[in-house]
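The file start.cif comes next; it holds mmCIF, C-alpha atoms.
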```
data_data
loop_
_atom_site.label_atom_id
_atom_site.label_comp_id
_atom_site.auth_asym_id
_atom_site.auth_seq_id
_atom_site.Cartn_x
_atom_site.Cartn_y
_atom_site.Cartn_z
CA MET T 1 79.70 41.51 65.03
CA SER T 2 78.51 44.55 66.88
CA ASP T 3 75.00 45.80 66.68
CA PRO T 4 74.89 48.73 64.15
CA ALA T 5 72.37 50.55 66.35
CA VAL T 6 74.78 50.45 69.32
CA VAL T 7 77.67 51.69 67.16
CA GLU T 8 75.53 54.55 65.95
CA THR T 9 74.57 55.50 69.52
CA ARG T 10 78.25 55.42 70.53
CA ALA T 11 79.18 57.57 67.58
CA ASP T 12 76.41 59.97 68.49
CA ALA T 13 77.60 60.07 72.07
CA SER T 14 81.21 60.78 71.15
CA ALA T 15 80.09 63.43 68.61
CA GLU T 16 78.02 65.01 71.34
CA GLU T 17 80.98 64.85 73.75
CA LEU T 18 83.28 66.36 71.14
CA ARG T 19 80.79 69.13 70.46
CA GLU T 20 80.54 69.90 74.18
CA GLU T 21 84.31 69.85 74.55
CA LEU T 22 84.69 72.18 71.58
CA GLU T 23 82.11 74.53 73.01
CA LEU T 24 83.91 74.59 76.34
CA THR T 25 87.27 75.22 74.70
CA LEU T 26 85.75 78.10 72.76
CA ARG T 27 84.32 79.55 75.97
CA LYS T 28 87.67 79.18 77.72
CA LEU T 29 89.33 80.92 74.81
CA ALA T 30 86.78 83.72 74.98
CA GLU T 31 87.43 84.01 78.74
CA ALA T 32 91.21 84.15 78.15
CA HIS T 33 90.67 86.85 75.51
CA LYS T 34 88.48 88.76 77.95
CA MET T 35 91.17 88.61 80.64
CA ALA T 36 93.83 89.71 78.15
CA ALA T 37 91.63 92.61 77.03
CA LEU T 38 90.99 93.51 80.65
CA GLY T 39 94.74 93.41 81.25
CA ARG T 40 95.37 95.82 78.38
CA LEU T 41 92.56 98.04 79.59
CA SER T 42 94.02 98.04 83.12
CA ALA T 43 97.46 98.94 81.76
CA GLY T 44 95.86 101.84 79.87
CA ILE T 45 93.97 103.02 82.93
CA VAL T 46 97.11 102.81 85.08
CA HIS T 47 98.98 104.95 82.57
CA GLU T 48 96.17 107.47 82.23
CA ILE T 49 95.81 107.92 85.98
CA ASN T 50 99.51 107.94 86.89
CA THR T 51 100.10 111.30 85.25
CA PRO T 52 97.30 113.32 86.92
CA ILE T 53 97.81 111.60 90.28
CA GLY T 54 101.53 112.32 89.99
CA SER T 55 100.76 115.95 89.38
CA ILE T 56 98.33 116.16 92.31
CA LEU T 57 100.73 114.42 94.71
CA SER T 58 103.55 116.71 93.64
CA ASN T 59 101.39 119.83 94.05
CA ASN T 60 100.19 118.57 97.41
CA GLU T 61 103.76 118.30 98.63
CA THR T 62 104.62 121.75 97.24
CA ILE T 63 101.55 123.32 98.85
CA ARG T 64 102.27 121.63 102.18
CA ARG T 65 105.83 122.96 102.17
CA SER T 66 104.65 126.42 101.11
CA ILE T 67 102.12 126.57 103.96
CA GLU T 68 104.92 125.73 106.40
CA THR T 69 107.08 128.48 104.90
CA LEU T 70 104.19 130.94 105.11
CA LYS T 71 103.64 130.04 108.77
CA LYS T 72 107.29 130.65 109.52
CA LEU T 73 107.21 134.01 107.68
CA VAL T 74 104.12 135.05 109.65
CA THR T 75 105.80 134.07 112.92
CA VAL T 76 108.84 136.15 112.01
CA SER T 77 106.72 139.24 111.30
CA GLN T 78 104.86 138.65 114.58
CA THR T 79 108.11 138.69 116.53
CA ASP T 80 108.91 141.92 114.67
CA GLY T 81 105.80 143.37 116.28
CA GLN T 82 103.32 143.07 113.44
CA ALA T 83 100.14 141.40 114.64
CA MET T 84 98.73 138.68 112.40
CA PRO T 85 95.00 138.88 111.78
CA GLN T 86 93.44 136.03 113.77
CA ARG T 87 91.59 134.81 110.69
CA ALA T 88 94.87 134.32 108.80
CA GLY T 89 96.08 131.78 111.37
CA VAL T 90 92.81 129.85 111.16
CA ILE T 91 92.96 129.80 107.36
CA LEU T 92 96.54 128.56 107.32
CA ASP T 93 95.71 125.75 109.77
CA THR T 94 92.65 124.74 107.75
CA LEU T 95 94.69 124.69 104.54
CA ALA T 96 97.31 122.52 106.22
CA SER T 97 94.75 119.97 107.39
CA LEU T 98 93.07 119.93 103.95
CA THR T 99 96.35 119.18 102.22
CA ASP T 100 96.89 116.34 104.69
CA ILE T 101 93.52 114.86 103.74
CA ASP T 102 94.25 115.31 100.02
CA LYS T 103 97.48 113.42 100.50
CA LEU T 104 95.67 110.50 102.18
CA ALA T 105 93.01 110.51 99.45
CA CYS T 106 95.64 110.42 96.72
CA GLU T 107 97.54 107.65 98.41
CA ARG T 108 94.37 105.58 98.45
CA ILE T 109 93.81 106.12 94.74
CA TYR T 110 97.43 105.26 94.13
CA ALA T 111 97.13 102.01 96.13
CA VAL T 112 94.30 100.89 93.83
CA ILE T 113 96.37 101.82 90.80
CA ARG T 114 99.33 99.85 92.09
CA SER T 115 97.20 96.73 92.52
CA LEU T 116 95.71 97.22 89.03
CA LYS T 117 99.27 97.27 87.74
CA THR T 118 99.75 93.64 88.79
CA PHE T 119 96.49 92.77 87.11
CA ALA T 120 97.74 94.39 83.92
CA ARG T 121 100.39 91.68 83.83
CA VAL T 122 97.86 89.14 82.50
CA ASN T 123 99.47 89.52 79.09
CA GLU T 124 102.93 88.61 80.32
CA GLY T 125 103.70 85.25 78.82
CA ASP T 126 107.07 84.52 80.39
CA LEU T 127 108.03 82.47 83.41
CA ARG T 128 109.29 84.80 86.12
CA LYS T 129 110.40 84.61 89.72
CA VAL T 130 108.02 86.59 91.89
CA ASP T 131 106.97 87.24 95.44
CA ILE T 132 103.67 85.34 95.79
CA ASN T 133 102.77 87.23 98.99
CA GLU T 134 102.93 90.48 97.05
CA ILE T 135 100.69 89.10 94.27
CA LEU T 136 98.18 87.95 96.90
CA LEU T 137 98.28 91.31 98.63
CA ASN T 138 97.56 93.12 95.36
CA THR T 139 94.73 90.71 94.56
CA LEU T 140 93.21 91.38 97.99
CA LYS T 141 93.54 95.13 97.51
CA LEU T 142 91.86 94.97 94.12
CA SER T 143 88.97 92.73 95.24
CA GLY T 144 88.73 94.79 98.43
CA CYS T 145 87.44 97.64 96.26
CA VAL T 146 84.25 95.60 95.86
CA PHE T 147 83.95 93.75 99.18
CA ARG T 148 85.69 96.00 101.69
CA ARG T 149 82.50 97.14 103.40
CA ARG T 150 81.23 93.71 104.43
CA VAL T 151 84.19 91.34 104.20
CA SER T 152 87.27 91.81 106.31
CA VAL T 153 90.54 90.26 105.24
CA VAL T 154 93.05 88.53 107.50
CA THR T 155 96.47 87.59 106.17
CA ASP T 156 98.96 85.23 107.73
CA PHE T 157 101.88 85.21 105.32
CA GLY T 158 104.87 83.01 105.91
CA GLU T 159 108.30 83.82 104.56
CA LEU T 160 108.36 82.59 100.97
CA PRO T 161 111.18 82.22 98.49
CA GLU T 162 110.59 83.73 95.06
CA VAL T 163 108.44 81.35 93.05
CA GLU T 164 108.96 80.66 89.37
CA CYS T 165 105.59 81.08 87.68
CA TYR T 166 103.41 82.92 85.18
CA PRO T 167 102.44 85.86 87.46
CA GLY T 168 99.54 87.10 85.34
CA LEU T 169 97.89 83.69 85.33
CA LEU T 170 98.40 83.13 89.05
CA ASN T 171 96.95 86.56 89.67
CA GLN T 172 93.86 85.51 87.74
CA ALA T 173 93.61 82.22 89.70
CA PHE T 174 93.95 84.01 93.07
CA LEU T 175 91.42 86.65 92.06
CA ASN T 176 88.91 83.91 91.16
CA LEU T 177 89.33 82.25 94.55
CA VAL T 178 89.19 85.48 96.56
CA VAL T 179 86.08 86.66 94.72
CA ASN T 180 84.46 83.24 95.23
CA ALA T 181 85.36 83.36 98.93
CA ALA T 182 83.84 86.83 99.34
CA GLN T 183 80.74 85.83 97.39
CA ALA T 184 80.26 82.74 99.58
CA ILE T 185 79.81 85.05 102.55
CA GLN T 186 76.27 86.30 103.04
CA GLY T 187 76.41 89.56 104.95
CA ASP T 188 79.52 90.18 107.04
CA GLY T 189 82.42 87.78 107.27
CA THR T 190 86.12 87.17 106.99
CA VAL T 191 88.39 85.92 104.25
CA THR T 192 91.66 84.51 105.55
CA VAL T 193 94.70 84.07 103.35
CA LYS T 194 97.68 82.06 104.57
CA THR T 195 100.95 81.13 102.92
CA LYS T 196 103.83 78.89 103.96
CA THR T 197 106.82 77.07 102.54
CA ASP T 198 106.97 73.28 102.59
CA GLY T 199 110.19 71.86 101.15
CA ASP T 200 110.35 72.55 97.43
CA PHE T 201 106.77 73.80 97.45
CA ILE T 202 104.75 76.69 98.76
CA GLU T 203 101.22 76.35 100.08
CA ILE T 204 98.47 78.93 99.89
CA ALA T 205 95.16 78.69 101.72
CA ILE T 206 92.22 80.97 100.96
CA ALA T 207 89.43 80.51 103.48
CA ASP T 208 86.00 82.04 103.98
CA ASP T 209 83.55 81.70 106.86
CA GLY T 210 80.61 81.63 104.48
CA ALA T 211 77.89 79.17 103.60
CA GLY T 212 80.10 76.22 102.65
CA ILE T 213 79.67 74.06 99.56
CA PRO T 214 76.70 71.65 99.56
CA PRO T 215 77.91 68.01 99.34
CA ASP T 216 76.11 67.33 96.05
CA VAL T 217 77.90 70.27 94.42
CA ARG T 218 81.40 69.44 95.69
CA LYS T 219 82.26 66.90 92.99
CA ARG T 220 81.43 69.23 90.16
CA ILE T 221 82.89 72.55 91.25
CA PHE T 222 86.05 72.19 89.18
CA SER T 223 84.09 71.22 86.06
CA ALA T 224 84.00 73.80 83.32
CA GLY T 225 80.55 75.13 82.64
CA PHE T 226 79.25 74.40 86.13
CA THR T 227 78.01 77.29 88.26
CA THR T 228 75.61 77.88 91.11
CA LYS T 229 75.70 81.64 90.62
CA PRO T 230 72.90 83.59 88.96
CA ILE T 231 73.12 84.20 85.21
CA GLY T 232 75.46 87.05 84.50
CA GLU T 233 77.39 86.65 87.76
CA GLY T 234 79.27 83.44 87.10
CA THR T 235 80.58 81.99 83.86
CA GLY T 236 81.12 78.56 85.35
CA LEU T 237 84.70 78.76 84.17
CA GLY T 238 86.41 80.42 87.14
CA LEU T 239 87.34 77.33 89.13
CA ALA T 240 87.97 75.22 86.02
CA LEU T 241 90.45 77.82 84.78
CA THR T 242 91.93 78.16 88.25
CA ARG T 243 92.56 74.41 88.40
CA GLU T 244 94.03 74.48 84.91
CA ILE T 245 96.38 77.32 85.89
CA ILE T 246 97.50 75.68 89.16
CA GLN T 247 97.71 72.04 88.04
CA ASP T 248 98.27 71.97 84.28
CA THR T 249 100.29 75.15 83.80
CA HIS T 250 102.29 75.16 87.02
CA GLY T 251 102.37 71.46 87.95
CA GLY T 252 100.81 72.27 91.32
CA LYS T 253 97.81 70.92 93.17
CA ILE T 254 94.50 72.47 94.23
CA TRP T 255 91.92 71.02 96.63
CA PHE T 256 89.39 72.23 99.17
CA GLU T 257 87.77 71.47 102.49
CA SER T 258 84.25 72.65 103.13
CA GLU T 259 81.70 72.46 105.88
CA LEU T 260 78.13 73.64 105.51
CA GLY T 261 77.53 76.70 107.62
CA SER T 262 81.16 77.26 108.62
CA GLY T 263 82.90 77.90 105.34
CA THR T 264 85.33 76.67 102.73
CA THR T 265 89.09 76.65 102.42
CA PHE T 266 90.88 76.26 99.10
CA PHE T 267 94.45 74.97 99.29
CA MET T 268 97.07 75.33 96.60
CA ARG T 269 100.48 73.74 96.42
CA LEU T 270 102.94 75.20 93.92
CA PRO T 271 106.48 74.10 93.08
CA ILE T 272 109.06 76.83 93.82
CA GLN T 273 110.95 75.94 90.67
CA GLN T 274 109.39 74.82 87.38
CA PRO T 275 110.93 71.74 85.75
CA ARG T 276 113.67 72.66 83.27
CA SER T 277 111.93 71.00 80.33
CA GLN T 278 108.85 73.13 80.85
CA GLU T 279 110.95 76.26 81.02
CA GLN T 280 112.59 75.46 77.72
CA ALA T 281 109.27 74.63 76.05
CA MET K 1 127.33 130.50 75.63
CA ASP K 2 126.14 131.36 79.08
CA HIS K 3 127.60 128.20 80.52
CA ASN K 4 131.15 128.42 81.71
CA GLY K 5 131.16 124.88 83.08
CA LYS K 6 132.79 125.88 86.35
CA GLY K 7 129.87 124.68 88.45
CA ASN K 8 128.98 128.11 89.78
CA VAL K 9 126.46 128.99 87.08
CA GLN K 10 122.73 128.60 87.47
CA PRO K 11 121.99 125.01 86.48
CA VAL K 12 119.68 124.63 83.49
CA VAL K 13 116.94 122.00 83.58
CA ALA K 14 114.65 121.13 80.65
CA ILE K 15 111.36 119.37 81.44
CA VAL K 16 109.46 117.76 78.58
CA ASP K 17 105.97 116.29 78.96
CA ASP K 18 102.97 116.57 76.65
CA GLU K 19 100.86 117.13 79.77
CA GLU K 20 101.03 120.77 80.79
CA MET K 21 100.04 119.79 84.35
CA VAL K 22 103.21 117.78 84.90
CA ILE K 23 105.41 120.64 83.72
CA THR K 24 103.56 123.12 85.90
CA SER K 25 103.81 120.87 88.97
CA VAL K 26 107.50 120.08 88.54
CA LYS K 27 108.37 123.69 87.73
CA ALA K 28 106.41 125.00 90.71
CA PHE K 29 108.15 122.60 93.06
CA LEU K 30 111.65 123.19 91.67
CA SER K 31 111.24 126.97 91.51
CA LEU K 32 110.32 127.04 95.21
CA GLU K 33 113.08 124.68 96.27
CA THR K 34 115.95 125.62 93.96
CA GLU K 35 117.51 128.41 91.92
CA TYR K 36 117.54 126.40 88.70
CA ASP K 37 116.86 127.93 85.32
CA LEU K 38 113.79 125.91 84.31
CA HIS K 39 112.48 125.35 80.77
CA GLY K 40 109.28 123.40 80.16
CA PHE K 41 108.12 121.98 76.80
CA THR K 42 104.89 120.22 75.90
CA ASP K 43 106.19 119.61 72.39
CA PRO K 44 109.24 117.32 72.18
CA GLU K 45 110.23 118.77 68.79
CA GLN K 46 110.42 122.23 70.32
CA ALA K 47 112.49 120.81 73.14
CA ALA K 48 114.89 119.26 70.61
CA LYS K 49 115.16 122.61 68.85
CA PHE K 50 115.93 124.33 72.15
CA LEU K 51 118.67 121.81 72.87
CA GLU K 52 120.36 122.67 69.56
CA THR K 53 121.19 126.14 70.82
CA HIS K 54 120.99 126.05 74.63
CA PRO K 55 123.32 124.03 76.83
CA VAL K 56 121.46 122.31 79.64
CA ASP K 57 122.53 120.25 82.64
CA VAL K 58 119.59 117.85 82.74
CA VAL K 59 116.76 116.84 80.43
CA VAL K 60 113.76 115.27 82.19
CA SER K 61 111.40 113.71 79.66
CA ASP K 62 108.11 111.82 79.60
CA TYR K 63 107.98 108.64 77.50
CA LEU K 64 104.68 108.58 75.60
CA MET K 65 104.31 111.82 73.63
CA PRO K 66 102.98 112.68 70.18
CA LYS K 67 105.46 113.27 67.32
CA MET K 68 108.47 111.94 69.22
CA ASN K 69 108.68 109.60 72.20
CA GLY K 70 110.90 110.20 75.21
CA ILE K 71 113.62 107.79 74.09
CA GLN K 72 113.83 109.45 70.66
CA LEU K 73 114.05 112.87 72.30
CA LEU K 74 116.70 111.77 74.80
CA GLY K 75 118.60 110.12 71.94
CA LYS K 76 118.60 113.47 70.17
CA ALA K 77 119.71 115.17 73.40
CA LYS K 78 122.57 112.68 73.72
CA GLN K 79 123.65 113.50 70.19
CA LEU K 80 123.41 117.27 70.71
CA GLN K 81 124.73 117.49 74.26
CA PRO K 82 126.37 114.23 75.31
CA GLU K 83 127.31 115.61 78.72
CA ALA K 84 123.79 116.63 79.74
CA ALA K 85 122.20 114.00 82.01
CA ARG K 86 119.08 112.28 80.71
CA VAL K 87 116.17 111.33 82.97
CA LEU K 88 113.01 109.51 81.88
CA LEU K 89 109.91 110.26 83.96
CA THR K 90 107.19 107.94 82.75
CA GLY K 91 103.69 106.76 83.59
CA HIS K 92 104.09 103.97 81.09
CA ALA K 93 105.82 101.60 83.46
CA ASP K 94 106.84 98.71 81.30
CA LYS K 95 110.22 97.10 81.59
CA GLN K 96 110.77 97.06 77.86
CA SER K 97 110.83 100.85 77.55
CA ALA K 98 113.06 101.10 80.61
CA ILE K 99 115.60 98.63 79.23
CA GLN K 100 115.53 100.30 75.81
CA ALA K 101 115.99 103.71 77.39
CA ILE K 102 118.91 102.61 79.54
CA ASN K 103 120.67 100.82 76.70
CA ASP K 104 119.95 103.15 73.81
CA VAL K 105 120.31 106.60 75.30
CA GLY K 106 122.51 106.00 78.34
CA LEU K 107 119.88 107.05 80.81
CA PHE K 108 121.01 108.66 84.07
CA GLN K 109 117.82 107.69 85.90
CA TYR K 110 114.45 106.06 85.18
CA LEU K 111 111.59 107.43 87.30
CA GLU K 112 107.99 106.34 87.41
CA LYS K 113 104.88 108.46 87.77
CA PRO K 114 103.54 109.25 90.27
CA TRP K 115 106.91 110.58 91.32
CA ASP K 116 108.15 111.58 94.73
CA ASN K 117 109.25 115.22 94.80
CA SER K 118 112.17 114.65 97.18
CA GLN K 119 113.42 111.77 95.06
CA LEU K 120 113.04 113.80 91.87
CA LEU K 121 114.99 116.65 93.43
CA LEU K 122 117.73 114.28 94.57
CA VAL K 123 118.00 112.78 91.08
CA ILE K 124 118.16 116.21 89.43
CA GLN K 125 120.74 117.45 91.94
CA SER K 126 123.04 114.48 91.35
CA ALA K 127 122.46 114.71 87.60
CA ILE K 128 123.55 118.35 87.63
CA GLU K 129 126.59 117.50 89.72
CA ARG K 130 127.54 114.75 87.25
CA THR K 131 127.08 117.00 84.21
CA GLN K 132 129.14 119.78 85.76
CA LEU K 133 131.88 117.33 86.73
CA PHE K 134 131.95 116.12 83.13
CA ARG K 135 132.24 119.69 81.89
CA THR K 136 135.04 120.48 84.35
CA LEU K 137 136.80 117.28 83.32
CA ARG K 138 136.53 118.23 79.65
CA GLU K 139 137.95 121.66 80.41
CA LYS K 140 140.82 120.20 82.41
CA ILE K 141 141.56 117.82 79.54
CA SER K 142 141.62 120.63 77.04
CA GLU K 143 143.81 122.69 79.41
CA LEU K 144 146.15 119.72 79.65
CA ASP K 145 146.08 119.41 75.87
CA ASN K 146 146.98 123.07 75.54
CA ALA K 147 149.75 122.77 78.11
CA HIS K 148 151.01 119.69 76.29
CA THR K 149 151.03 121.50 72.95
CA SER K 150 152.85 124.51 74.35
CA LEU K 151 155.35 122.25 76.13
CA LYS K 152 155.99 120.48 72.85
CA ASP K 153 156.42 123.83 71.24
CA VAL K 154 158.92 124.89 73.89
CA GLN K 155 160.68 121.55 73.56
CA SER K 156 161.07 121.88 69.80
CA ARG K 157 162.25 125.46 70.17
CA LEU K 158 164.79 124.35 72.77
CA LEU K 159 165.97 121.57 70.53
CA ARG K 160 166.26 123.97 67.64
CA ALA K 161 168.21 126.42 69.84
CA PHE K 162 170.73 123.85 71.02
CA LEU K 163 171.21 121.59 68.02
#
```
Kindly return the structure encoded in the file as structure tokens.
Amino acid sequence: MSDPAVVETRADASAEELREELELTLRKLAEAHKMAALGRLSAGIVHEINTPIGSILSNNETIRRSIETLKKLVTVSQTDGQAMPQRAGVILDTLASLTDIDKLACERIYAVIRSLKTFARVNEGDLRKVDINEILLNTLKLSGCVFRRRVSVVTDFGELPEVECYPGLLNQAFLNLVVNAAQAIQGDGTVTVKTKTDGDFIEIAIADDGAGIPPDVRKRIFSAGFTTKPIGEGTGLGLALTREIIQDTHGGKIWFESELGSGTTFFMRLPIQQPRSQEQA
Amino acid sequence: MDHNGKGNVQPVVAIVDDEEMVITSVKAFLSLETEYDLHGFTDPEQAAKFLETHPVDVVVSDYLMPKMNGIQLLGKAKQLQPEAARVLLTGHADKQSAIQAINDVGLFQYLEKPWDNSQLLLVIQSAIERTQLFRTLREKISELDNAHTSLKDVQSRLLRAFL
């Protein structure tokens, strides 16, 4: 016969565990909803900005061509003996250089929009074959908007076959890791992203030269609800979700190597092809 | 009709977008680069009305618009002027609308905003060429039909004369 007091304690413990698990699941669900909402918002922003930027880029091209035509017309009248006021030449040259700058400025806005477009794919629920290097590049561009001034990015991409995956989810996983890497760097530093093919798998490494993960924290970093970041900065779900996306959803593997003071590298191994049964599910 | 379909008329291009700025930009560019007869509409219903009475070579339409979306408008254009080429110029870059547009309204080209002027021009030029070839083909077919009818007529008259 078991001691009733012990049974009660066990029951309490499992109720407590269940409650915690439920709470975590709810938080994960809320996080997934947030990402989906963010995806929809991004899609809306992309659409709203594409039209005006399209108009500006088109006008820019038209103005640039028109300035060239004007210059030619002026040259023709000069050869016909009509002197061009000196000021007119200066103005035309200034206009030409301003349109060049406008073009560069627009292209920068457009680059951000393009990377947001990938992010807007969070809602895509289908398995697709995609270029992982391109997804990583877009993730880096997007996070670069926040970290560009202090963190430089180095990429060493190998040639990859198209990988069958849920692109929106992988995008979210990569973004988590890149943001973590940049946040691990105090002051200036470098985030290095490498990819390579290894048989039926691809491998991705995201490395920072930041503070490194303290040994006592290492065991818990993939646990949901665990964070070392200040309140409001980390949800404690980022790495847990990332592991779920890489391992549970894609049948891959995620691990890390870290050294205090020299930085951390996260490695991911993803199958190029998802098992047939999973595709049919 | 001001269109004789011989390919030497001024090509007519209709541009439909609920954003005035897009119409202004595209019209400004095309009017400097080409001799096309350009018609811009911010209201797709007005564009559809225009298409009822005016033959055009190309319709360039936005996708998301109030009252009528781009696919509905291009569907109407297909019904009214099957030969006129249909181009969708959209900022709403989702595959679903692209596939629907290609399948439902026999799209000539699907372009995304922001667009590249040189590419847009190239698309419009080849669209016009295609439309005018279609028109010439239709004329040749009807000429052949006429020739065939008159030959038949001659044949029956000959038969009547000799038998």
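From atom CA of T:Asn180 back to atom CA of T:Val153, the distance works out to 13.7 Å.
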Residues of chain K within 7 Å of chain T, only C-alpha atoms counted, as a VMD selection string: chain K and resid 21 to 22 25 29 91 to 92 113 to 117
Coordinates-based distance that separates atom CA of T:Gly212 from atom CA of T:Gly251 (Å, one decimal):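 It comes out at 27.1 Å.
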Residue among K:Phe41, K:Phe162, K:Tyr36, K:Phe50 lying closest to K:Ile23, counting all atoms listed in the file: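 Smallest distance to K:Ile23 is found for K:Phe41.
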Return as JSON the centre and edge lengths, in Å with one decimal, of the box along x, y and z that encloses every atom of stretch 149-158 of chain K in the file, padded by 8 Å per side.
```
{"center_x": 157.9, "center_y": 123.0, "center_z": 73.0, "size_x": 29.8, "size_y": 21.0, "size_z": 22.3}
```
